[in-house]
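So this block is input33.csv, CSV, C-alpha atoms and all ligand atoms:
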chain,number,residue,atom,x,y,z
R,1,MET,CA,-23.6,84.1,34.4
R,2,ALA,CA,-23.7,80.7,36.2
R,3,CYS,CA,-27.5,80.3,35.9
R,4,TRP,CA,-28.0,81.4,32.2
R,5,ARG,CA,-29.6,78.1,31.1
R,6,LEU,CA,-32.9,79.0,32.8
R,7,LEU,CA,-33.2,81.9,30.5
R,8,ALA,CA,-33.6,79.7,27.3
R,9,PRO,CA,-36.8,80.8,25.4
R,10,ALA,CA,-39.5,78.1,25.6
R,11,PHE,CA,-40.7,78.5,22.0
R,12,SER,CA,-37.4,77.2,20.6
R,13,VAL,CA,-37.9,73.9,22.6
R,14,VAL,CA,-41.1,73.1,20.8
R,15,ALA,CA,-39.8,74.1,17.3
R,16,THR,CA,-36.5,72.2,17.6
R,17,ASN,CA,-37.7,69.1,19.3
R,18,SER,CA,-40.9,68.6,17.4
R,19,GLY,CA,-38.8,68.7,14.2
R,20,SER,CA,-36.7,65.8,15.3
R,21,ILE,CA,-39.8,63.8,16.4
R,22,ARG,CA,-41.2,64.0,12.9
R,23,LYS,CA,-37.9,62.8,11.5
R,24,TRP,CA,-37.7,59.8,13.8
R,25,SER,CA,-41.4,59.0,13.4
R,26,ARG,CA,-41.0,58.8,9.7
R,27,LEU,CA,-38.0,56.5,10.0
R,28,ASN,CA,-39.7,54.3,12.5
R,29,SER,CA,-43.1,54.0,10.8
R,30,ARG,CA,-41.2,52.8,7.7
R,31,GLU,CA,-39.0,50.2,9.4
R,32,TYR,CA,-39.8,49.2,13.0
R,33,SER,CA,-41.6,50.2,16.2
R,34,PRO,CA,-39.2,51.8,18.6
R,35,VAL,CA,-37.5,49.9,21.4
R,36,LEU,CA,-37.0,53.1,23.3
R,37,SER,CA,-39.3,56.1,23.3
R,38,LEU,CA,-38.8,59.3,25.2
R,39,ARG,CA,-41.4,62.0,25.3
R,40,ASN,CA,-41.1,65.5,26.8
R,41,ILE,CA,-38.3,64.6,29.2
R,42,SER,CA,-37.1,67.5,31.4
R,43,LYS,CA,-34.7,67.4,34.3
R,44,THR,CA,-33.4,70.2,36.5
R,45,PHE,CA,-30.9,69.6,39.3
R,46,ASP,CA,-31.6,71.7,42.3
R,47,GLY,CA,-29.0,73.4,44.4
R,48,SER,CA,-27.5,76.8,44.9
R,49,CYS,CA,-27.8,77.2,41.1
R,50,PRO,CA,-30.5,75.0,39.6
R,51,ARG,CA,-29.3,73.4,36.4
R,52,GLU,CA,-31.9,72.6,33.7
R,53,VAL,CA,-30.0,69.9,31.9
R,54,LEU,CA,-32.8,68.3,29.8
R,55,GLN,CA,-35.6,70.2,28.3
R,56,SER,CA,-38.6,68.6,26.5
R,57,VAL,CA,-36.5,65.9,25.0
R,58,ASP,CA,-38.1,63.4,22.6
R,59,LEU,CA,-36.3,60.4,21.1
R,60,ASP,CA,-37.2,57.1,19.5
R,61,VAL,CA,-34.7,54.5,18.8
R,62,ALA,CA,-35.7,51.4,16.9
R,63,ALA,CA,-34.1,47.9,16.9
R,64,GLY,CA,-30.9,47.8,15.0
R,65,HIS,CA,-30.7,51.6,15.0
R,66,TYR,CA,-27.5,53.2,16.3
R,67,VAL,CA,-27.6,56.8,17.5
R,68,ALA,CA,-24.8,59.0,18.9
R,69,ILE,CA,-25.4,61.8,21.4
R,70,THR,CA,-22.8,64.5,21.4
R,71,GLY,CA,-22.5,67.7,23.3
R,72,GLU,CA,-20.2,69.7,25.5
R,73,SER,CA,-19.0,68.4,28.8
R,74,GLY,CA,-21.6,69.0,31.5
R,75,VAL,CA,-24.6,69.5,29.2
R,76,GLY,CA,-26.4,66.4,30.5
R,77,LYS,CA,-25.5,63.4,28.2
R,78,SER,CA,-24.9,61.0,31.1
R,79,THR,CA,-28.0,62.3,32.9
R,80,LEU,CA,-30.0,61.4,29.8
R,81,LEU,CA,-28.6,57.9,29.8
R,82,ASN,CA,-29.4,57.6,33.5
R,83,VAL,CA,-33.0,58.7,32.8
R,84,ILE,CA,-33.3,56.1,30.0
R,85,ALA,CA,-31.9,53.4,32.3
R,86,GLY,CA,-34.4,54.4,35.1
R,87,LEU,CA,-31.5,55.4,37.4
R,88,GLU,CA,-32.6,59.0,37.4
R,89,THR,CA,-36.2,60.2,37.6
R,90,PRO,CA,-37.2,62.9,35.1
R,91,ASP,CA,-39.2,66.0,36.3
R,92,THR,CA,-41.5,65.6,33.4
R,93,GLY,CA,-42.1,63.2,30.6
R,94,THR,CA,-42.1,59.4,29.9
R,95,VAL,CA,-39.6,56.7,29.1
R,96,HIS,CA,-41.1,53.7,27.4
R,97,LEU,CA,-39.0,50.6,26.8
R,98,ASN,CA,-40.8,48.2,24.4
R,99,GLY,CA,-44.0,50.0,25.2
R,100,GLU,CA,-43.6,49.7,28.9
R,101,ASP,CA,-43.6,53.0,30.9
R,102,LEU,CA,-40.7,52.8,33.3
R,103,ALA,CA,-42.6,55.1,35.7
R,104,ASP,CA,-45.2,52.4,36.2
R,105,LEU,CA,-42.7,49.8,37.4
R,106,ALA,CA,-41.7,49.0,41.0
R,107,ASP,CA,-38.0,49.1,41.9
R,108,ASP,CA,-37.6,45.3,41.6
R,109,GLU,CA,-39.4,45.3,38.2
R,110,LEU,CA,-37.2,48.1,37.0
R,111,THR,CA,-34.1,46.2,38.1
R,112,ARG,CA,-35.4,43.1,36.2
R,113,ILE,CA,-36.0,45.1,33.0
R,114,ARG,CA,-32.6,46.7,33.3
R,115,ARG,CA,-30.9,43.3,33.7
R,116,GLU,CA,-33.0,41.7,30.9
R,117,GLN,CA,-33.3,44.4,28.3
R,118,MET,CA,-30.4,46.8,28.7
R,119,GLY,CA,-26.6,46.5,28.4
R,120,PHE,CA,-24.2,49.2,29.6
R,121,VAL,CA,-20.6,50.1,28.5
R,122,PHE,CA,-18.8,52.9,30.4
R,123,GLN,CA,-15.6,54.8,29.8
R,124,ALA,CA,-14.0,53.2,32.9
R,125,PHE,CA,-14.8,49.6,31.8
R,126,HIS,CA,-16.1,48.6,35.3
R,127,VAL,CA,-14.7,45.1,34.8
R,128,LEU,CA,-14.6,43.4,38.2
R,129,PRO,CA,-10.9,42.8,39.1
R,130,TYR,CA,-11.4,39.8,41.3
R,131,LEU,CA,-13.3,37.8,38.6
R,132,SER,CA,-11.8,36.2,35.5
R,133,VAL,CA,-12.7,37.5,32.1
R,134,ALA,CA,-15.2,34.7,31.5
R,135,GLN,CA,-16.7,35.2,35.0
R,136,ASN,CA,-17.1,38.9,34.2
R,137,VAL,CA,-18.9,38.2,31.0
R,138,GLU,CA,-21.1,35.5,32.7
R,139,LEU,CA,-22.3,37.9,35.4
R,140,PRO,CA,-25.5,39.2,33.7
R,141,LEU,CA,-26.5,35.6,32.9
R,142,SER,CA,-26.0,34.6,36.5
R,143,LEU,CA,-28.1,37.5,37.7
R,144,LEU,CA,-30.9,36.3,35.3
R,145,GLY,CA,-30.7,32.7,36.7
R,146,ILE,CA,-29.6,31.2,33.3
R,147,ASP,CA,-28.3,27.7,33.9
R,148,ALA,CA,-24.5,27.0,33.8
R,149,VAL,CA,-24.3,25.0,30.6
R,150,GLN,CA,-26.2,27.5,28.6
R,151,SER,CA,-24.2,30.3,30.2
R,152,ARG,CA,-20.9,28.8,29.4
R,153,ASP,CA,-21.8,28.4,25.7
R,154,ARG,CA,-23.1,31.9,25.5
R,155,VAL,CA,-20.0,33.3,27.2
R,156,ASN,CA,-17.7,31.4,24.9
R,157,GLU,CA,-19.7,32.7,21.9
R,158,MET,CA,-19.4,36.3,23.1
R,159,LEU,CA,-15.7,36.0,23.9
R,160,GLU,CA,-15.1,34.7,20.4
R,161,SER,CA,-17.1,37.5,18.8
R,162,VAL,CA,-15.1,40.2,20.6
R,163,GLY,CA,-11.7,38.5,19.8
R,164,LEU,CA,-11.0,37.1,23.3
R,165,ALA,CA,-11.7,33.4,22.8
R,166,ASP,CA,-8.5,32.4,24.4
R,167,ARG,CA,-8.6,34.9,27.3
R,168,GLY,CA,-11.5,33.6,29.4
R,169,ASP,CA,-9.3,32.4,32.2
R,170,SER,CA,-7.2,35.6,32.3
R,171,MET,CA,-7.6,38.1,35.2
R,172,PRO,CA,-8.5,41.7,34.2
R,173,ARG,CA,-5.1,42.9,35.5
R,174,GLU,CA,-3.5,40.9,32.6
R,175,LEU,CA,-5.4,42.7,29.9
R,176,SER,CA,-4.8,46.0,28.1
R,177,GLY,CA,-7.4,48.8,28.1
R,178,GLY,CA,-8.7,47.9,24.7
R,179,GLU,CA,-9.1,44.3,25.8
R,180,LEU,CA,-10.8,45.3,29.0
R,181,GLN,CA,-13.3,47.3,27.0
R,182,ARG,CA,-13.9,44.2,24.8
R,183,VAL,CA,-14.8,42.3,28.0
R,184,ALA,CA,-17.2,45.1,29.0
R,185,ILE,CA,-18.8,44.9,25.5
R,186,ALA,CA,-19.1,41.2,25.7
R,187,ARG,CA,-20.7,41.5,29.2
R,188,ALA,CA,-23.1,44.2,28.0
R,189,LEU,CA,-24.3,42.0,25.1
R,190,VAL,CA,-24.1,38.5,26.5
R,191,HIS,CA,-27.8,38.4,27.6
R,192,ARG,CA,-28.9,39.8,24.2
R,193,PRO,CA,-30.3,43.1,25.5
R,194,GLN,CA,-32.7,45.1,23.3
R,195,LEU,CA,-31.0,48.4,24.2
R,196,ILE,CA,-27.3,49.1,24.6
R,197,LEU,CA,-26.2,52.4,26.3
R,198,ALA,CA,-22.5,53.3,25.9
R,199,ASP,CA,-21.1,56.3,27.7
R,200,GLU,CA,-17.8,57.5,26.3
R,201,PRO,CA,-16.6,53.9,25.8
R,202,THR,CA,-13.4,55.0,24.0
R,203,GLY,CA,-12.5,57.8,26.3
R,204,ASN,CA,-9.7,55.9,28.0
R,205,LEU,CA,-8.3,54.3,24.9
R,206,ASP,CA,-5.6,55.2,22.4
R,207,PRO,CA,-6.8,55.9,18.8
R,208,GLU,CA,-6.1,52.5,17.4
R,209,ALA,CA,-7.8,50.6,20.3
R,210,ALA,CA,-10.7,53.2,20.2
R,211,GLY,CA,-11.2,52.5,16.4
R,212,GLN,CA,-11.4,48.8,17.0
R,213,ILE,CA,-13.8,49.2,19.9
R,214,LEU,CA,-16.1,51.4,17.8
R,215,GLU,CA,-16.1,49.0,15.0
R,216,LEU,CA,-16.8,46.1,17.4
R,217,LEU,CA,-19.7,48.0,19.0
R,218,ARG,CA,-21.2,48.9,15.7
R,219,ARG,CA,-20.9,45.3,14.4
R,220,GLN,CA,-22.5,43.9,17.5
R,221,ILE,CA,-25.4,46.3,17.4
R,222,LYS,CA,-26.1,45.6,13.8
R,223,ASP,CA,-25.6,41.8,14.0
R,224,ASN,CA,-27.9,41.5,17.0
R,225,ALA,CA,-30.4,44.2,15.9
R,226,THR,CA,-29.9,46.0,19.2
R,227,ALA,CA,-31.0,49.6,19.6
R,228,GLY,CA,-27.8,51.5,20.5
R,229,ILE,CA,-27.0,54.8,22.0
R,230,LEU,CA,-23.5,56.0,22.1
R,231,VAL,CA,-22.5,59.1,24.1
R,232,THR,CA,-19.3,60.5,22.7
R,233,HIS,CA,-17.2,63.7,22.3
R,234,SER,CA,-15.3,62.1,19.4
R,235,ARG,CA,-16.1,63.0,15.8
R,236,ASP,CA,-14.6,59.7,14.8
R,237,ALA,CA,-17.0,57.8,17.1
R,238,ALA,CA,-19.9,59.8,15.8
R,239,ARG,CA,-19.0,58.7,12.2
R,240,THR,CA,-19.7,55.0,13.2
R,241,VAL,CA,-23.4,55.5,13.9
R,242,ASP,CA,-26.5,55.9,11.8
R,243,GLU,CA,-27.6,59.3,13.3
R,244,VAL,CA,-25.9,62.0,15.3
R,245,LEU,CA,-27.9,64.0,17.8
R,246,THR,CA,-26.5,66.9,19.8
R,247,LEU,CA,-27.6,67.9,23.3
R,248,THR,CA,-27.3,71.7,23.5
R,249,PRO,CA,-26.3,73.7,26.5
R,250,THR,CA,-30.0,74.6,26.9
R,251,GLY,CA,-31.0,70.9,27.2
R,252,LEU,CA,-32.4,70.5,23.7
R,253,LEU,CA,-31.7,67.3,21.7
R,254,ARG,CA,-31.1,68.3,18.1
R,255,SER,CA,-30.7,66.2,15.0
R,256,GLU,CA,-27.5,66.7,13.1
R,257,SER,CA,-26.8,65.7,9.5
R,258,ARG,CA,-26.6,61.9,8.9
R,259,ALA,CA,-23.3,60.3,9.6
R,260,VAL,CA,-21.5,58.1,7.1
R,301,LIG,N1,-27.0,64.2,41.0
R,301,LIG,C1,-26.7,65.5,40.6
R,301,LIG,N2,-27.0,66.5,41.4
R,301,LIG,C2,-26.7,67.8,41.0
R,301,LIG,N3,-26.2,68.1,39.8
R,301,LIG,C3,-25.9,67.1,38.9
R,301,LIG,C4,-26.1,65.7,39.3
R,301,LIG,N4,-25.8,64.9,38.3
R,301,LIG,C5,-25.3,65.7,37.3
R,301,LIG,N5,-25.4,67.0,37.7
R,301,LIG,C6,-25.0,68.2,36.9
R,301,LIG,O1,-25.8,68.1,35.7
R,301,LIG,C7,-24.9,68.5,34.6
R,301,LIG,C8,-24.9,67.5,33.6
R,301,LIG,O2,-24.1,66.4,34.1
R,301,LIG,P1,-23.8,65.1,33.1
R,301,LIG,O3,-22.9,64.2,33.9
R,301,LIG,O4,-25.1,64.6,32.6
R,301,LIG,O5,-23.0,65.8,31.9
R,301,LIG,P2,-22.3,65.2,30.7
R,301,LIG,O6,-22.9,65.8,29.5
R,301,LIG,O7,-22.4,63.7,30.8
R,301,LIG,O8,-20.8,65.6,30.9
R,301,LIG,P3,-19.4,64.9,30.5
R,301,LIG,O9,-19.3,65.0,29.0
R,301,LIG,O10,-18.4,65.7,31.2
R,301,LIG,O11,-19.5,63.5,31.0
R,301,LIG,C9,-23.6,68.9,35.2
R,301,LIG,O12,-23.5,70.3,35.4
R,301,LIG,C10,-23.6,68.2,36.5
R,301,LIG,O13,-22.8,68.8,37.5
R,302,MG,MG,-21.0,62.2,31.0

Would you mind writing the file's structure down as C-alpha cells?
Amino acid sequence: MACWRLLAPAFSVVATNSGSIRKWSRLNSREYSPVLSLRNISKTFDGSCPREVLQSVDLDVAAGHYVAITGESGVGKSTLLNVIAGLETPDTGTVHLNGEDLADLADDELTRIRREQMGFVFQAFHVLPYLSVAQNVELPLSLLGIDAVQSRDRVNEMLESVGLADRGDSMPRELSGGELQRVAIARALVHRPQLILADEPTGNLDPEAAGQILELLRRQIKDNATAGILVTHSRDAARTVDEVLTLTPTGLLRSESRAV
C-alpha cells in the first residue's frame, strides 16, 4: 500500500481547501493584507514510489498572525516550509511574499528576499559553534551589510529580549539547549523579518524549556507584528498560536478549530 496517496479523490481537494481560503480571506480583508499568500500549491516527489505531499494548498498569513501546521511525520510539513522559503519549487501554484511572486525572482534576488524578509528557527538550532552568541545573532545583519554600530545595538536589544543579555560573549558549547534555541530565535528576528518559519523548534527541548521557547516565540511574533508559521507535533505548541492547520496524509491543508 506504499503508493496510496495518489488515489486521493480530486473533488475533496477543492471542497476542503476552498473552505479554508474563504475563512482566511474573511480574516484578512478585515484586518491586513497577507504577508504570505500560497495558491494551489502541489508537490510530488518522484522516485520508485512517487509521493504527492502537497495538493492544491492555499494559505494566507497576515502580519502579526501566528499559524501552526500540524500533521503526522512524513506528510510534508517541512516540504511546505521549503516551498514557502523558495528552497523547493512546487509543481503547480504560486508563492507570493508581500505581493512578490517568488517564481519571478532570479536566484540572487530570492536569496536577498530570504535574507531580508524571512527568519528561520529549526529543531536542531543550527547555531554556529565557532562563533560567539553575539556573533551568531549578528550574522543576518552582516549578510545584509548593516553597519557595525547599528548591528551591535540591534544584537544587544535582541539578546536582552530573549533573556540572554549577559551571554553575548559566551560560546555555544557553554549554553543549554533552551538557551541555544533562544540564540536561534534572536538570530531569526534580529533583522526584523516579515515572516518567521519555525520547524519543530521545541523538538529537542525538555517540557519546561519548550514552554519558555514557545512563549518567547509567540511574544516576539506579536510584538514585532511578524507573520509566523510554526510546524509542530505538539498539542501544547499548537495552543500558543492563533490558528491551527493540519496537513493531511493526502496533502490537503485543513483548518482546525481555533486555538486558545
Ligand atoms: N528531496 C526529496 N526527495 C524525495 N522525497 C522527499 C524529499 N524531501 C522529502 N521527501 C519525502 O516527502 C515526504 C514529506 O517529507 P517532509 O520532510 O516534508 O515531512 P514532514 O511532515 O516534515 O515530516 P516530519 O514530521 O517527520 O519532519 C516524506 O515522505 C519524505 O521522505
Ligand atoms: Mg519535518

Within-7 Å residues of ligand LIG 301 (chain R), basis all atoms listed in the file, as a PyMOL selection string: chain R and resi 45-47+51+53+71-80

Given all atoms listed in the file as the counted atoms, nearest of R:Asn98, R:Thr240, R:Ser33, R:Thr232 to ligand MG 302 (chain R): R:Thr232

For atom CA of Pro207 of chain R and atom CA of Arg167 of chain R, the interatomic separation in Å (one decimal): 22.7 Å

Spatial neighbours of segment 222-225 of chain R, 8 Å, only C-alpha atoms, chain gap at least 4 places, as a PyMOL selection string: chain R and resi 63-65+192+194+218

Nearest to ligand MG 302 (chain R), chosen from R:Pro172, R:Pro201, R:Gly163, R:Gly228, with only C-alpha atoms and all ligand atoms counted in the distances: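 Going through R:Pro172, R:Pro201, R:Gly163, R:Gly228 one by one, the smallest distance to ligand MG 302 (chain R) is for R:Pro201.
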
Between atom CA of Gln135 of chain R and atom CA of Ala186 of chain R - distance in Å to one decimal: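 Computing it gives 11.3 Å between the two atoms.
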
Nearest-residue call for ligand MG 302 (chain R), choices R:Met171, R:His233, R:Glu138, R:Gln220, using all atoms listed in the file: R:His233

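One finds atom CA of Val61 of chain R at 18.1 Å from atom CA of Ala237 of chain R.
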
Residues within 7 Å of Gln117 of chain R, only C-alpha atoms, excluding chain neighbours under 4 positions, as a PyMOL selection string: chain R and resi 113+193-195

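Minimum distance to ligand MG 302 (chain R) across R:Val162, R:Ile146, R:Val57, R:Ile69 (counting only C-alpha atoms and all ligand atoms) occurs at R:Ile69.
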
Pick from R:Thr248, R:Asn82, R:Glu256, R:Arg115, whichever lies nearest to ligand MG 302 (chain R) using all atoms listed in the file: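 Nearest candidate to ligand MG 302 (chain R) out of R:Thr248, R:Asn82, R:Glu256, R:Arg115: R:Asn82.
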
Nearest to ligand MG 302 (chain R), chosen from R:Val231, R:Cys49, R:Leu252, R:Val127, with only C-alpha atoms and all ligand atoms counted in the distances: R:Val231

Shell around segment 156-159 of chain R at 8 Å using only C-alpha atoms, local window under 6 positions removed, as a list in words: Ala134, Ala165, Arg167, Gly168, Val183, Ala186, Leu189 and Val190 of chain R

Answer as number ranges by chain, residues within 9 Å of (-23.3, 60.9, 16.2) using all atoms listed in the file: R: 66-70, 230-232, 234-246, 256-259

File of the preceding selection, C-alpha atoms, as a PDB file, in the coordinates of the input:
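Printed below is selection-v4.pdb as written:
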ATOM      1  CA  TYR R  66     -27.500  53.200  16.300  1.00  0.00           C
ATOM      2  CA  VAL R  67     -27.600  56.800  17.500  1.00  0.00           C
ATOM      3  CA  ALA R  68     -24.800  59.000  18.900  1.00  0.00           C
ATOM      4  CA  ILE R  69     -25.400  61.800  21.400  1.00  0.00           C
ATOM      5  CA  THR R  70     -22.800  64.500  21.400  1.00  0.00           C
ATOM      6  CA  LEU R 230     -23.500  56.000  22.100  1.00  0.00           C
ATOM      7  CA  VAL R 231     -22.500  59.100  24.100  1.00  0.00           C
ATOM      8  CA  THR R 232     -19.300  60.500  22.700  1.00  0.00           C
ATOM      9  CA  SER R 234     -15.300  62.100  19.400  1.00  0.00           C
ATOM     10  CA  ARG R 235     -16.100  63.000  15.800  1.00  0.00           C
ATOM     11  CA  ASP R 236     -14.600  59.700  14.800  1.00  0.00           C
ATOM     12  CA  ALA R 237     -17.000  57.800  17.100  1.00  0.00           C
ATOM     13  CA  ALA R 238     -19.900  59.800  15.800  1.00  0.00           C
ATOM     14  CA  ARG R 239     -19.000  58.700  12.200  1.00  0.00           C
ATOM     15  CA  THR R 240     -19.700  55.000  13.200  1.00  0.00           C
ATOM     16  CA  VAL R 241     -23.400  55.500  13.900  1.00  0.00           C
ATOM     17  CA  ASP R 242     -26.500  55.900  11.800  1.00  0.00           C
ATOM     18  CA  GLU R 243     -27.600  59.300  13.300  1.00  0.00           C
ATOM     19  CA  VAL R 244     -25.900  62.000  15.300  1.00  0.00           C
ATOM     20  CA  LEU R 245     -27.900  64.000  17.800  1.00  0.00           C
ATOM     21  CA  THR R 246     -26.500  66.900  19.800  1.00  0.00           C
ATOM     22  CA  GLU R 256     -27.500  66.700  13.100  1.00  0.00           C
ATOM     23  CA  SER R 257     -26.800  65.700   9.500  1.00  0.00           C
ATOM     24  CA  ARG R 258     -26.600  61.900   8.900  1.00  0.00           C
ATOM     25  CA  ALA R 259     -23.300  60.300   9.600  1.00  0.00           C
TER      26      ALA R 259
END

Residues within 6 Å of (-16.2, 53.2, 21.4), counting only C-alpha atoms, listed as a VMD selection string: chain R and resid 201 to 202 210 213 to 214
